[in-house]
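Undergrad: My structure file entry_13.cif, mmCIF, C-alpha atoms, is below:
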```cif
data_input
#
loop_
_atom_site.label_atom_id
_atom_site.label_comp_id
_atom_site.auth_asym_id
_atom_site.auth_seq_id
_atom_site.Cartn_x
_atom_site.Cartn_y
_atom_site.Cartn_z
CA MET A 1 178.77 70.11 235.48
CA LYS A 2 177.70 69.16 238.98
CA LYS A 3 181.30 69.45 240.22
CA ILE A 4 181.64 72.94 238.74
CA THR A 5 178.37 74.03 240.38
CA LEU A 6 179.52 72.61 243.72
CA ILE A 7 182.87 74.40 243.50
CA VAL A 8 181.17 77.72 242.69
CA PHE A 9 178.77 77.28 245.63
CA VAL A 10 181.66 76.54 248.05
CA VAL A 11 183.63 79.59 246.85
CA ILE A 12 180.60 81.88 247.26
CA SER A 13 179.89 80.48 250.75
CA LEU A 14 183.49 81.03 251.87
CA PHE A 15 183.48 84.57 250.51
CA ALA A 16 180.19 85.40 252.23
CA GLY A 17 181.44 83.88 255.49
CA ASN A 18 184.64 85.93 255.41
CA LEU A 19 182.69 89.10 254.63
CA THR A 20 180.30 88.46 257.54
CA ALA A 21 183.21 87.76 259.87
CA GLN A 22 184.86 91.01 258.85
CA VAL A 23 181.66 92.95 259.58
CA LEU A 24 181.17 91.28 262.95
CA ASP A 25 184.82 91.66 263.91
CA GLU A 26 184.89 95.33 262.99
CA PRO A 27 185.65 97.32 266.17
CA GLN A 28 182.79 99.43 267.49
CA GLU A 29 183.39 103.05 268.35
CA GLY A 30 182.44 104.20 271.86
CA PRO A 31 181.12 102.23 274.84
CA ARG A 32 177.90 100.26 274.74
CA ASP A 33 175.95 98.22 277.29
CA SER A 34 174.52 95.60 274.91
CA PHE A 35 175.94 92.45 273.35
CA TYR A 36 174.97 93.74 269.89
CA GLU A 37 174.95 97.10 268.13
CA LYS A 38 171.54 98.76 268.47
CA ILE A 39 170.28 100.91 265.63
CA SER A 40 169.51 104.53 266.47
CA PHE A 41 165.83 105.25 267.14
CA ASN A 42 165.98 108.58 265.27
CA ASN A 43 164.67 109.31 261.77
CA ARG A 44 161.72 106.92 261.96
CA LYS A 45 158.87 107.69 259.59
CA PRO A 46 155.32 107.96 260.99
CA PHE A 47 152.66 105.56 259.77
CA VAL A 48 150.77 106.89 256.74
CA PHE A 49 147.00 106.60 257.15
CA PRO A 50 144.87 105.38 254.23
CA TYR A 51 143.24 108.18 252.28
CA VAL A 52 139.56 108.66 253.08
CA ARG A 53 137.09 110.46 250.83
CA GLN A 54 134.21 112.39 252.33
CA ALA A 55 131.80 110.52 250.04
CA ASP A 56 132.92 107.19 251.55
CA VAL A 57 132.25 108.19 255.18
CA VAL A 58 128.73 106.86 255.82
CA TRP A 59 128.84 107.38 259.61
CA GLU A 60 130.97 109.51 261.94
CA TRP A 61 130.96 110.13 265.70
CA ARG A 62 133.21 112.32 267.82
CA VAL A 63 134.20 111.50 271.39
CA TRP A 64 136.60 112.83 273.99
CA ARG A 65 138.56 110.39 276.16
CA VAL A 66 140.66 110.59 279.31
CA ILE A 67 143.86 108.56 279.76
CA ASP A 68 144.84 108.27 283.43
CA PHE A 69 148.59 107.78 283.82
CA ARG A 70 148.09 106.15 287.22
CA GLU A 71 146.71 103.03 285.54
CA LYS A 72 149.35 100.39 284.93
CA LEU A 73 148.82 100.19 281.17
CA ASN A 74 149.19 103.97 280.84
CA GLN A 75 152.39 104.42 282.82
CA VAL A 76 154.42 104.66 279.60
CA PHE A 77 153.06 108.21 279.29
CA TYR A 78 154.35 109.18 282.78
CA TYR A 79 157.65 107.34 283.23
CA PRO A 80 160.51 108.03 283.33
CA VAL A 81 159.88 111.19 285.36
CA GLN A 82 163.35 112.44 284.36
CA PRO A 83 165.17 111.55 281.09
CA GLU A 84 166.74 108.11 281.37
CA GLN A 85 168.51 105.89 278.82
CA GLY A 86 167.28 108.01 275.94
CA ARG A 87 163.65 107.82 277.05
CA VAL A 88 161.44 110.68 278.25
CA ASN A 89 157.80 110.93 279.26
CA LEU A 90 155.22 112.40 276.91
CA PHE A 91 154.91 115.84 278.51
CA TYR A 92 158.69 116.27 278.66
CA ALA A 93 159.00 115.41 274.96
CA LEU A 94 156.21 117.82 274.02
CA GLU A 95 157.58 120.68 276.10
CA GLN A 96 161.09 120.27 274.69
CA ALA A 97 159.70 120.36 271.15
CA ILE A 98 157.58 123.43 271.96
CA ASN A 99 160.53 125.30 273.44
CA GLU A 100 162.63 124.49 270.38
CA GLY A 101 159.88 125.74 268.06
CA LYS A 102 159.35 122.35 266.42
CA ILE A 103 155.61 122.01 267.09
CA LYS A 104 152.67 124.39 267.59
CA VAL A 105 150.17 124.25 270.45
CA TYR A 106 146.68 125.71 270.70
CA ARG A 107 144.32 127.12 273.31
CA ASP A 108 141.45 124.66 272.72
CA ASP A 109 140.49 121.64 270.67
CA GLU A 110 139.34 123.75 267.73
CA PHE A 111 143.03 124.42 266.92
CA LYS A 112 142.37 127.99 265.79
CA GLU A 113 144.27 130.07 268.36
CA GLU A 114 147.96 129.36 268.79
CA ILE A 115 149.44 130.12 272.24
CA ASN A 116 152.84 131.01 273.64
CA TRP A 117 153.52 128.19 276.08
CA ALA A 118 156.37 129.96 277.87
CA GLU A 119 154.03 132.82 278.84
CA VAL A 120 151.18 130.53 279.88
CA LYS A 121 153.46 128.38 282.06
CA LEU A 122 154.52 131.35 284.20
CA ASN A 123 151.09 131.40 285.87
CA LEU A 124 150.91 127.66 286.49
CA GLY A 125 152.12 126.10 289.69
CA THR A 126 151.26 125.58 293.35
CA LYS A 127 151.65 127.86 296.35
CA ARG A 128 152.68 126.08 299.54
CA THR A 129 153.48 127.20 303.05
CA THR A 130 156.74 125.94 304.48
CA GLU A 131 159.03 126.72 307.41
CA VAL A 132 162.37 128.37 306.69
CA ASP A 133 165.27 129.59 308.82
CA SER A 134 165.31 133.31 309.52
CA ILE A 135 167.29 135.79 311.61
CA ASP A 136 165.57 138.77 313.22
CA ILE A 137 167.10 142.23 313.73
CA ASP A 138 168.62 141.11 317.04
CA GLY A 139 170.48 138.26 315.35
CA THR A 140 168.23 135.58 316.87
CA GLU A 141 167.72 132.51 314.70
CA MET A 142 164.14 131.37 314.33
CA ARG A 143 161.80 129.33 312.15
CA VAL A 144 159.14 131.25 310.26
CA GLU A 145 156.42 130.27 307.82
CA LYS A 146 156.84 131.43 304.25
CA GLU A 147 154.70 130.96 301.17
CA VAL A 148 156.67 129.55 298.24
CA PHE A 149 155.66 129.06 294.63
CA ILE A 150 156.42 125.66 293.11
CA PRO A 151 156.38 125.84 289.28
CA LEU A 152 154.74 123.27 287.06
CA ASN A 153 156.88 120.28 286.03
CA SER A 154 156.34 117.03 284.15
CA GLU A 155 155.63 115.07 287.35
CA ASP A 156 152.41 117.07 287.82
CA ILE A 157 150.85 115.86 284.56
CA LYS A 158 148.93 112.66 285.29
CA THR A 159 146.14 112.59 282.71
CA LEU A 160 145.73 113.17 278.99
CA ARG A 161 142.58 114.23 277.17
CA ILE A 162 142.06 112.95 273.61
CA LYS A 163 139.68 114.16 270.91
CA GLU A 164 138.99 111.50 268.28
CA ASN A 165 136.66 110.73 265.38
CA TRP A 166 135.18 107.29 264.80
CA PHE A 167 133.82 106.58 261.31
CA ILE A 168 132.81 103.87 258.89
CA ASP A 169 134.52 103.86 255.50
CA LYS A 170 132.38 102.06 252.92
CA GLN A 171 135.26 101.98 250.41
CA ARG A 172 137.38 99.82 252.73
CA SER A 173 134.38 98.30 254.55
CA VAL A 174 135.85 99.06 257.97
CA GLN A 175 135.15 101.04 261.10
CA ASP A 176 138.17 103.20 261.87
CA VAL A 177 139.29 105.97 264.20
CA ARG A 178 141.44 109.07 263.80
CA ILE A 179 142.82 111.06 266.70
CA ALA A 180 142.26 114.78 266.11
CA GLY A 181 144.36 116.03 269.02
CA PHE A 182 145.25 115.69 272.67
CA ALA A 183 145.91 117.86 275.70
CA PRO A 184 147.95 117.27 278.90
CA ILE A 185 145.76 117.95 281.94
CA TYR A 186 147.02 119.76 285.03
CA TYR A 187 145.14 119.66 288.34
CA GLN A 188 146.09 122.95 289.95
CA VAL A 189 145.66 123.36 293.72
CA LYS A 190 145.70 127.09 294.43
CA GLU A 191 145.22 126.76 298.20
CA GLU A 192 145.90 123.91 300.60
CA GLY A 193 142.72 121.93 301.26
CA ALA A 194 140.92 123.37 298.23
CA ALA A 195 139.61 121.18 295.40
CA PRO A 196 141.96 121.05 292.39
CA ILE A 197 141.07 122.93 289.22
CA THR A 198 141.23 120.93 285.98
CA ILE A 199 143.27 122.81 283.37
CA PRO A 200 144.01 121.57 279.83
CA LEU A 201 147.48 123.09 279.42
CA PHE A 202 147.46 123.18 275.62
CA TRP A 203 146.06 121.23 272.69
CA VAL A 204 148.31 119.47 270.18
CA ARG A 205 146.97 118.74 266.69
CA TYR A 206 147.80 115.10 266.13
CA ASP A 207 147.99 115.06 262.33
CA ASP A 208 150.53 117.89 262.07
CA PRO A 209 153.58 116.33 260.34
CA GLU A 210 155.91 117.75 263.00
CA VAL A 211 153.85 116.20 265.81
CA ARG A 212 153.67 112.80 264.12
CA GLU A 213 157.42 112.88 263.54
CA LEU A 214 158.07 113.74 267.19
CA LEU A 215 155.86 110.90 268.44
CA ALA A 216 157.39 108.40 266.01
CA ASN A 217 160.93 109.24 267.14
CA THR A 218 160.33 109.29 270.90
CA GLU A 219 160.99 105.85 272.35
CA VAL A 220 158.93 104.42 275.21
CA TYR A 221 159.57 101.51 277.54
CA ASN A 222 158.14 98.16 276.48
CA PRO A 223 157.30 96.20 279.67
CA ARG A 224 157.21 92.87 277.82
CA ASN A 225 160.13 92.91 275.40
CA ASP A 226 163.26 95.11 275.30
CA ALA A 227 164.00 93.98 271.74
CA GLN A 228 160.64 95.26 270.46
CA ARG A 229 161.14 99.01 270.58
CA ARG A 230 158.06 101.20 270.63
CA SER A 231 157.35 104.88 270.19
CA TYR A 232 154.48 107.09 271.31
CA ASP A 233 153.18 106.86 267.76
CA ASP A 234 152.94 103.07 268.17
CA ILE A 235 151.05 103.51 271.44
CA PHE A 236 148.44 105.77 269.83
CA LEU A 237 148.13 103.82 266.58
CA LYS A 238 147.79 100.39 268.21
CA ARG A 239 145.70 101.91 271.03
CA LEU A 240 147.92 100.40 273.71
CA PHE A 241 146.29 102.43 276.46
CA SER A 242 143.31 102.33 278.80
CA SER A 243 140.79 105.16 278.76
CA TYR A 244 137.22 106.20 279.44
CA ILE A 245 134.90 108.47 277.47
CA MET A 246 134.12 111.81 279.12
CA ARG A 247 132.09 113.44 276.33
CA GLU A 248 130.44 112.73 273.00
CA SER A 249 128.89 114.68 270.16
CA SER A 250 125.42 115.76 271.26
CA ARG A 251 122.75 118.43 270.99
CA TYR A 252 123.96 119.81 274.33
CA GLY A 253 127.20 121.18 272.92
CA ASP A 254 130.26 120.71 275.11
CA ARG A 255 128.43 119.05 278.02
CA THR A 256 130.51 116.33 279.67
CA ILE A 257 129.24 113.17 281.33
CA SER A 258 130.23 114.49 284.75
CA GLN A 259 127.83 117.41 284.32
CA TYR A 260 124.72 115.25 284.31
CA THR A 261 125.74 112.14 286.25
CA THR A 262 128.34 111.11 288.83
CA GLY A 263 129.95 108.09 290.47
CA GLU A 264 129.25 104.64 289.09
CA GLU A 265 126.53 106.02 286.82
CA SER A 266 129.09 108.14 284.98
CA LEU A 267 131.25 105.06 284.34
CA ALA A 268 128.19 103.18 283.12
CA GLU A 269 127.35 106.07 280.78
CA SER A 270 130.91 106.02 279.42
CA ASP A 271 130.64 102.28 278.75
CA LEU A 272 127.25 102.83 277.08
CA ILE A 273 128.75 105.32 274.61
CA ARG A 274 131.66 102.95 273.94
CA ASP A 275 129.28 100.06 273.22
CA LYS A 276 127.18 102.27 270.97
CA ILE A 277 130.23 102.95 268.81
CA TYR A 278 131.17 99.29 268.54
CA ASP A 279 127.58 98.20 267.90
CA MET A 280 127.30 100.66 265.02
CA GLU A 281 129.78 98.61 262.98
CA GLU A 282 127.78 95.43 263.53
CA ASP A 283 124.51 97.14 262.58
CA MET A 284 125.87 98.54 259.32
CA TRP A 285 126.35 95.22 257.59
CA GLU A 286 123.81 92.69 256.38
CA TYR A 287 124.46 88.95 256.27
#
```
Take the structure in the file and give it back as structure tokens.

TA:
Amino acid sequence: MKKITLIVFVVISLFAGNLTAQVLDEPQEGPRDSFYEKISFNNRKPFVFPYVRQADVVWEWRVWRVIDFREKLNQVFYYPVQPEQGRVNLFYALEQAINEGKIKVYRDDEFKEEINWAEVKLNLGTKRTTEVDSIDIDGTEMRVEKEVFIPLNSEDIKTLRIKENWFIDKQRSVQDVRIAGFAPIYYQVKEEGAAPITIPLFWVRYDDPEVRELLANTEVYNPRNDAQRRSYDDIFLKRLFSSYIMRESSRYGDRTISQYTTGEESLAESDLIRDKIYDMEEDMWEY
């Protein structure tokens, strides 16, 4: 009996080994720059959030954050400036999806008024004075100053504003957060030497299925491990970004921190709001 079992095991092992060898030896179509066949990053499914009942939300607080792409941790949102190796920056991915009609964008963070991005973009850009070659009526070549309009592009977007809701779910006994939406921020300089004007270009509703699908299927660079492939959905879900709070729910409506304090005091106020949120979870439970 033991001999029969051993023979069967050897036969199965040989068959499996031959099958594996055939799969590995199968010629690959098209060129590739890796020593193994990488699976396509398309058709990934977004993470499904746990269902939350209104009756189970015992505490909720809304805040607005700013993600600065100039910080090292946040550079995945800005680079690559131009498409490279199948990767694009966040604004480029959003704009492509908008132009193709895949996602909707809104005027503000209430998500009530949809906008036509192509029309809005026509008025966004920077006017600069530069010297150009010119020929006068006598045929004399000369250098003259001319005002040129430089349209908005993805390199100009260096911050992102996020609207999110923190809450405590008594059913799961956890403090959790849901992003409501986000907006790319453009600092427009209308005249040289003038202070830039902060303009939220458009608001994207995060929980739209089309938006979640876009984020889940847009790959970003992982600075620590090329084999661990990430998407923008991973970045948002795992909160792999650095940010500061610019506004919170309050009796003063849409007042931001910068409207009542500046400098180091504004950073301290942002940290105070952050700590208040984290402390709320500790204060909810009894030991």

Undergrad: Determine the nearest neighbour of Ala118 (chain A) from the options A:Lys146, A:Phe202, A:Lys163, A:Pro184, counting only C-alpha atoms.

TA: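 That would be A:Phe202, the residue with the smallest distance to Ala118 (chain A).
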
Undergrad: Run the PyMOL selection byres ((chain A and resi 88) around 12) mentally over the shown coordinates, then write out the matched residues as a ChimeraX atom specification, using the chain letters and numbers from the document.

TA: /A:75-87,89-96,154-155,214-215,217-221,231-232

Undergrad: List the spatial neighbours of region 257-264 of chain A as a list in words - criterion: any atom at most 12 Å away, all atoms listed in the file, same-chain residues fewer than 4 positions off excluded.

TA: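 Near neighbours after the sequence-gap exclusion: Val63, Trp64, Arg65, Val66, Tyr244, Ile245, Met246, Arg247, Glu248, Ser249, Ser250, Tyr252, Gly253, Ala268, Glu269, Ser270, Asp271, Leu272 and Ile273 of chain A.
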
Undergrad: Using only C-alpha atoms for the distances, tell me which of A:Ser266, A:Val204, A:Arg44, A:Asp283 is nearest to Asp234 (chain A).

TA: A:Arg44

Undergrad: So the first atom is CA of Pro50 (chain A) and the second is CA of Ser173 (chain A); what is the distance between them in Å, to one decimal place?

TA: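 That distance, rounded to one decimal, is 12.7 Å.
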
Undergrad: I'd like the contact shell of Lys72 (chain A) - 12 Å cut-off, all atoms listed in the file, skipping same-chain residues fewer than 6 positions apart - returned as a list in words.

TA: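 Counting all atoms listed in the file, the residues come to Tyr78, Tyr79, Pro223, Leu240, Phe241, Ser242 and Ser243 of chain A.
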
Undergrad: Would you kindly return, as a list in words, each protein, DNA or RNA residue with an atom no farther than 10 Å from any atom of Gln175 (chain A), considering only C-alpha atoms and excluding same-chain residues fewer than 4 positions away?

TA: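 With the cut-off at 10 Å, the set is Val57, Trp59, Glu60, Trp166, Phe167, Ile168, Asp169, Lys170, Ile277, Tyr278, Met280, Glu281, Glu282 and Met284 of chain A.
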
Undergrad: Store the residues picked out above in a file with C-alpha atoms, as a PDB file, keeping the file's coordinate frame.

TA:
```pdb
ATOM      1  CA  VAL A  57     132.250 108.190 255.180  1.00  0.00           C
ATOM      2  CA  TRP A  59     128.840 107.380 259.610  1.00  0.00           C
ATOM      3  CA  GLU A  60     130.970 109.510 261.940  1.00  0.00           C
ATOM      4  CA  TRP A 166     135.180 107.290 264.800  1.00  0.00           C
ATOM      5  CA  PHE A 167     133.820 106.580 261.310  1.00  0.00           C
ATOM      6  CA  ILE A 168     132.810 103.870 258.890  1.00  0.00           C
ATOM      7  CA  ASP A 169     134.520 103.860 255.500  1.00  0.00           C
ATOM      8  CA  LYS A 170     132.380 102.060 252.920  1.00  0.00           C
ATOM      9  CA  ILE A 277     130.230 102.950 268.810  1.00  0.00           C
ATOM     10  CA  TYR A 278     131.170  99.290 268.540  1.00  0.00           C
ATOM     11  CA  MET A 280     127.300 100.660 265.020  1.00  0.00           C
ATOM     12  CA  GLU A 281     129.780  98.610 262.980  1.00  0.00           C
ATOM     13  CA  GLU A 282     127.780  95.430 263.530  1.00  0.00           C
ATOM     14  CA  MET A 284     125.870  98.540 259.320  1.00  0.00           C
TER      15      MET A 284
END
```

Undergrad: On this structure, the PyMOL selection byres ((chain A and resi 121) around 12) would catch which residues? List them as a PyMOL selection string, sorted by chain and number.

TA: chain A and resi 95+98-99+115-120+122-126+150-154+186+199-202

Undergrad: Could you please fill out region 229-265 of chain A with N, CA and C atoms and send it back as a short mmCIF file (atom, residue, chain, number, x, y, z; two decimals), in the coordinates of the input?

TA:
```cif
data_model
loop_
_atom_site.label_atom_id
_atom_site.label_comp_id
_atom_site.auth_asym_id
_atom_site.auth_seq_id
_atom_site.Cartn_x
_atom_site.Cartn_y
_atom_site.Cartn_z
N ARG A 229 161.10 97.60 270.18
CA ARG A 229 161.14 99.01 270.58
C ARG A 229 159.90 99.74 270.07
N ARG A 230 159.30 100.49 270.95
CA ARG A 230 158.06 101.20 270.63
C ARG A 230 158.25 102.71 270.76
N SER A 231 157.37 103.43 270.08
CA SER A 231 157.35 104.88 270.19
C SER A 231 155.96 105.30 270.64
N TYR A 232 155.80 106.59 270.95
CA TYR A 232 154.48 107.09 271.31
C TYR A 232 153.51 106.98 270.14
N ASP A 233 154.04 107.04 268.93
CA ASP A 233 153.18 106.86 267.76
C ASP A 233 152.61 105.45 267.73
N ASP A 234 153.43 104.45 268.09
CA ASP A 234 152.94 103.07 268.17
C ASP A 234 151.85 102.93 269.22
N ILE A 235 152.03 103.60 270.36
CA ILE A 235 151.05 103.51 271.44
C ILE A 235 149.70 104.04 270.99
N PHE A 236 149.70 105.18 270.30
CA PHE A 236 148.44 105.77 269.83
C PHE A 236 147.82 104.96 268.70
N LEU A 237 148.64 104.54 267.74
CA LEU A 237 148.13 103.82 266.58
C LEU A 237 147.54 102.47 266.96
N LYS A 238 148.25 101.73 267.81
CA LYS A 238 147.79 100.39 268.21
C LYS A 238 146.85 100.44 269.41
N ARG A 239 146.61 101.67 269.91
CA ARG A 239 145.70 101.91 271.03
C ARG A 239 146.09 101.05 272.24
N LEU A 240 147.38 101.14 272.57
CA LEU A 240 147.92 100.40 273.71
C LEU A 240 147.78 101.23 274.99
N PHE A 241 146.56 101.64 275.27
CA PHE A 241 146.29 102.43 276.46
C PHE A 241 144.87 102.15 276.95
N SER A 242 144.63 102.47 278.20
CA SER A 242 143.31 102.33 278.80
C SER A 242 142.71 103.71 278.96
N SER A 243 141.42 103.85 278.69
CA SER A 243 140.79 105.16 278.76
C SER A 243 139.30 105.03 279.03
N TYR A 244 138.68 106.16 279.31
CA TYR A 244 137.22 106.20 279.44
C TYR A 244 136.71 107.44 278.73
N ILE A 245 135.50 107.36 278.22
CA ILE A 245 134.90 108.47 277.47
C ILE A 245 134.31 109.48 278.45
N MET A 246 134.62 110.75 278.25
CA MET A 246 134.12 111.81 279.12
C MET A 246 133.08 112.70 278.42
N ARG A 247 133.01 112.57 277.09
CA ARG A 247 132.09 113.44 276.33
C ARG A 247 131.88 112.86 274.95
N GLU A 248 130.73 113.15 274.36
CA GLU A 248 130.44 112.73 273.00
C GLU A 248 129.74 113.85 272.25
N SER A 249 129.66 113.73 270.95
CA SER A 249 128.89 114.68 270.16
C SER A 249 127.44 114.61 270.58
N SER A 250 126.81 115.77 270.83
CA SER A 250 125.42 115.76 271.26
C SER A 250 124.79 117.12 271.01
N ARG A 251 123.48 117.19 271.17
CA ARG A 251 122.75 118.43 270.99
C ARG A 251 123.04 119.44 272.11
N TYR A 252 123.69 118.94 273.18
CA TYR A 252 123.96 119.81 274.33
C TYR A 252 125.31 120.51 274.25
N GLY A 253 125.93 120.48 273.09
CA GLY A 253 127.20 121.18 272.92
C GLY A 253 128.35 120.49 273.61
N ASP A 254 129.06 121.24 274.46
CA ASP A 254 130.26 120.71 275.11
C ASP A 254 129.98 120.12 276.49
N ARG A 255 128.77 119.65 276.73
CA ARG A 255 128.43 119.05 278.02
C ARG A 255 129.16 117.73 278.19
N THR A 256 129.80 117.56 279.35
CA THR A 256 130.51 116.33 279.67
C THR A 256 129.62 115.40 280.48
N ILE A 257 130.02 114.15 280.57
CA ILE A 257 129.24 113.17 281.33
C ILE A 257 129.14 113.58 282.79
N SER A 258 130.22 114.12 283.33
CA SER A 258 130.23 114.49 284.75
C SER A 258 129.27 115.62 285.09
N GLN A 259 128.75 116.31 284.08
CA GLN A 259 127.83 117.41 284.32
C GLN A 259 126.39 116.95 284.51
N TYR A 260 126.09 115.72 284.12
CA TYR A 260 124.72 115.25 284.31
C TYR A 260 124.63 113.92 285.06
N THR A 261 125.77 113.34 285.42
CA THR A 261 125.74 112.14 286.25
C THR A 261 127.09 111.98 286.94
N THR A 262 127.11 111.27 288.05
CA THR A 262 128.34 111.11 288.83
C THR A 262 128.51 109.67 289.29
N GLY A 263 129.69 109.39 289.86
CA GLY A 263 129.95 108.09 290.47
C GLY A 263 129.89 106.94 289.48
N GLU A 264 129.32 105.84 289.92
CA GLU A 264 129.25 104.64 289.09
C GLU A 264 128.38 104.86 287.86
N GLU A 265 127.39 105.75 287.97
CA GLU A 265 126.53 106.02 286.82
C GLU A 265 127.30 106.68 285.68
#
```
